[in-house]
$ cat target23.cif   # mmCIF, C-alpha atoms
data_start
loop_
_atom_site.group_PDB
_atom_site.id
_atom_site.type_symbol
_atom_site.label_atom_id
_atom_site.label_comp_id
_atom_site.auth_asym_id
_atom_site.auth_seq_id
_atom_site.Cartn_x
_atom_site.Cartn_y
_atom_site.Cartn_z
ATOM 1 C CA MET A 137 -19.990 -9.179 5.748
ATOM 2 C CA SER A 138 -19.163 -8.913 9.412
ATOM 3 C CA GLU A 139 -15.726 -7.781 10.483
ATOM 4 C CA ILE A 140 -13.183 -10.567 10.798
ATOM 5 C CA LYS A 141 -11.520 -10.456 14.203
ATOM 6 C CA PHE A 142 -8.349 -12.178 15.305
ATOM 7 C CA SER A 143 -7.332 -13.137 18.818
ATOM 8 C CA GLU A 144 -4.300 -11.506 20.402
ATOM 9 C CA GLU A 145 -2.429 -14.800 19.976
ATOM 10 C CA GLU A 146 -3.240 -14.890 16.240
ATOM 11 C CA LYS A 147 -2.131 -11.260 15.864
ATOM 12 C CA ARG A 148 1.118 -12.034 17.685
ATOM 13 C CA LEU A 149 1.831 -14.981 15.381
ATOM 14 C CA VAL A 150 1.133 -12.931 12.257
ATOM 15 C CA ARG A 151 3.284 -10.058 13.564
ATOM 16 C CA GLU A 152 6.167 -12.464 14.166
ATOM 17 C CA LYS A 153 5.798 -13.943 10.672
ATOM 18 C CA LEU A 154 5.790 -10.486 9.096
ATOM 19 C CA GLN A 155 8.826 -9.416 11.082
ATOM 20 C CA ALA A 156 10.685 -12.611 10.182
ATOM 21 C CA TYR A 157 9.817 -12.195 6.501
ATOM 22 C CA PHE A 158 11.016 -8.612 6.404
ATOM 23 C CA SER A 159 14.209 -9.561 8.207
ATOM 24 C CA THR A 160 14.996 -12.623 6.080
ATOM 25 C CA GLU A 161 13.753 -11.613 2.652
ATOM 26 C CA LEU A 162 14.099 -7.836 2.675
ATOM 27 C CA ASP A 163 16.908 -7.400 5.198
ATOM 28 C CA GLN A 164 14.808 -4.798 7.028
ATOM 29 C CA GLU A 165 13.647 -4.513 10.590
ATOM 30 C CA LEU A 166 9.903 -4.207 11.023
ATOM 31 C CA SER A 167 8.812 -2.769 14.352
ATOM 32 C CA ARG A 168 5.843 -4.147 16.261
ATOM 33 C CA PHE A 169 3.835 -1.025 15.413
ATOM 34 C CA ASP A 170 4.664 -1.272 11.699
ATOM 35 C CA ALA A 171 3.911 -5.007 11.647
ATOM 36 C CA ASP A 172 0.530 -4.388 13.265
ATOM 37 C CA PHE A 173 -0.165 -1.560 10.829
ATOM 38 C CA LEU A 174 0.761 -3.762 7.857
ATOM 39 C CA PHE A 175 -1.407 -6.591 9.188
ATOM 40 C CA ASP A 176 -4.387 -4.231 9.532
ATOM 41 C CA PHE A 177 -3.846 -3.004 5.973
ATOM 42 C CA VAL A 178 -3.653 -6.535 4.572
ATOM 43 C CA CYS A 179 -6.797 -7.539 6.480
ATOM 44 C CA GLU A 180 -8.804 -4.547 5.318
ATOM 45 C CA GLU A 181 -7.609 -4.236 1.735
ATOM 46 C CA LEU A 182 -6.640 -7.778 0.720
ATOM 47 C CA GLY A 183 -8.588 -9.884 3.195
ATOM 48 C CA PRO A 184 -11.847 -9.768 1.202
ATOM 49 C CA PHE A 185 -10.116 -11.380 -1.795
ATOM 50 C CA PHE A 186 -8.990 -14.341 0.310
ATOM 51 C CA TYR A 187 -12.281 -14.510 2.200
ATOM 52 C CA ASN A 188 -14.312 -14.579 -1.018
ATOM 53 C CA ARG A 189 -12.023 -17.231 -2.549
ATOM 54 C CA GLY A 190 -12.565 -19.349 0.563
ATOM 55 C CA LEU A 191 -16.320 -18.965 0.182
ATOM 56 C CA LEU A 192 -16.151 -20.000 -3.483
ATOM 57 C CA ASP A 193 -14.056 -23.045 -2.575
ATOM 58 C CA ALA A 194 -16.493 -23.990 0.193
ATOM 59 C CA GLN A 195 -19.437 -23.549 -2.179
ATOM 60 C CA ALA A 196 -17.790 -25.817 -4.775
ATOM 61 C CA ILE A 197 -17.187 -28.517 -2.155
ATOM 62 C CA MET A 198 -20.758 -28.291 -0.885
ATOM 63 C CA SER A 199 -22.098 -28.469 -4.427
ATOM 64 C CA SER A 200 -20.136 -31.621 -5.205
ATOM 65 C CA LYS A 201 -21.238 -33.212 -1.929
ATOM 66 C CA MET A 202 -24.869 -32.314 -2.636
ATOM 67 C CA GLU A 203 -24.607 -34.108 -5.989
ATOM 68 C CA LEU A 204 -23.491 -37.218 -4.100
ATOM 69 C CA VAL A 205 -26.436 -36.883 -1.721
ATOM 70 C CA GLN A 206 -28.846 -36.484 -4.632
ATOM 71 C CA GLU A 207 -27.454 -39.626 -6.265
ATOM 72 C CA ALA A 208 -27.754 -41.544 -2.991
ATOM 73 C CA VAL A 209 -31.384 -40.462 -2.597
ATOM 74 C CA TYR A 210 -32.136 -41.439 -6.204
ATOM 75 C CA GLU A 211 -30.695 -44.903 -5.537
ATOM 76 C CA LEU A 212 -33.159 -45.324 -2.650
ATOM 77 C CA GLU A 213 -36.185 -44.945 -4.918
ATOM 78 C CA LYS A 214 -38.352 -48.044 -5.171
ATOM 79 C CA PRO A 215 -39.654 -49.195 -8.517
ATOM 80 C CA ILE A 216 -43.385 -48.773 -8.998
ATOM 81 C CA LYS A 217 -45.169 -51.742 -10.524
ATOM 82 C CA GLY A 218 -46.905 -50.960 -13.741
ATOM 83 C CA ALA A 219 -45.011 -47.685 -14.272
ATOM 84 C CA ARG A 220 -43.198 -47.234 -17.541
#

$ encode --input "target23.cif" --output "structure tokens"
Amino acid sequence: MSEIKFSEEEKRLVREKLQAYFSTELDQELSRFDADFLFDFVCEELGPFFYNRGLLDAQAIMSSKMELVQEAVYELEKPIKGAR
């Protein structure tokens, strides 16, 4: 699996969400450095769980869509005269 990279804008948004959460829910101030450090930890240690779940969900969707395609192709078959 290749490394997942986030833009500076995405990192800024996540940092702000983490800081807001800590402030609102935990009544603690989270510095920019600590928020970045926490984000890196979550990405490295927990990210694969979410990434793999996303892959499983995508695979399930593709599988169900492929069943629809297979049914559509089957419906296109022409009857063959004399075949049983």

$ atom_distance --input "target23.cif" --atom1 "atom CA of Ala171 of chain A" --atom2 "atom CA of Ser159 of chain A"
11.8 Å

$ atom_distance --input "target23.cif" --atom1 "atom CA of Lys214 of chain A" --atom2 "atom CA of Ser199 of chain A"
25.5 Å

$ closest_residue --input "target23.cif" --among "A:Leu191, A:Leu174, A:Leu182, A:Leu162" --to "Lys147 of chain A" --atoms "all atoms listed in the file"
A:Leu174

$ residues_around --input "target23.cif" --residues "Ser167 of chain A" --least-positions-apart "5" --cutoff "12 Å" --atoms "all atoms listed in the file" --output "JSON, numbers by chain"
{"A": [151, 152, 154, 155, 156, 158, 159, 172, 173, 174]}

$ atom_distance --input "target23.cif" --atom1 "atom CA of Thr160 of chain A" --atom2 "atom CA of Glu181 of chain A"
24.5 Å

$ decode --input "target23.cif" --residues "segment 167-194 of chain A" --atoms "C-alpha atoms" --output "compact mmCIF listing (two decimals), in the first residue's frame"
# COMPACT_ATOMS: atom_id res chain seq x y z
CA SER A 167 -1.34 23.09 20.24
CA ARG A 168 -0.69 23.02 16.51
CA PHE A 169 2.32 20.76 17.06
CA ASP A 170 0.34 18.33 19.23
CA ALA A 171 -2.58 18.32 16.77
CA ASP A 172 -0.21 17.52 13.91
CA PHE A 173 1.46 14.82 15.98
CA LEU A 174 -1.92 13.28 16.86
CA PHE A 175 -3.01 13.41 13.22
CA ASP A 176 0.17 11.62 12.13
CA PHE A 177 -0.40 8.95 14.78
CA VAL A 178 -4.01 8.40 13.73
CA CYS A 179 -2.99 8.19 10.07
CA GLU A 180 -0.21 5.69 10.69
CA GLU A 181 -1.80 3.51 13.35
CA LEU A 182 -5.54 3.73 12.68
CA GLY A 183 -5.65 4.81 9.05
CA PRO A 184 -5.19 1.28 7.66
CA PHE A 185 -8.36 0.13 9.45
CA PHE A 186 -10.43 2.84 7.77
CA TYR A 187 -8.65 2.42 4.44
CA ASN A 188 -9.28 -1.33 4.40
CA ARG A 189 -12.94 -0.86 5.38
CA GLY A 190 -13.30 1.57 2.48
CA LEU A 191 -11.80 -1.01 0.13
CA LEU A 192 -14.19 -3.70 1.39
CA ASP A 193 -17.15 -1.34 0.91
CA ALA A 194 -15.98 -0.46 -2.60
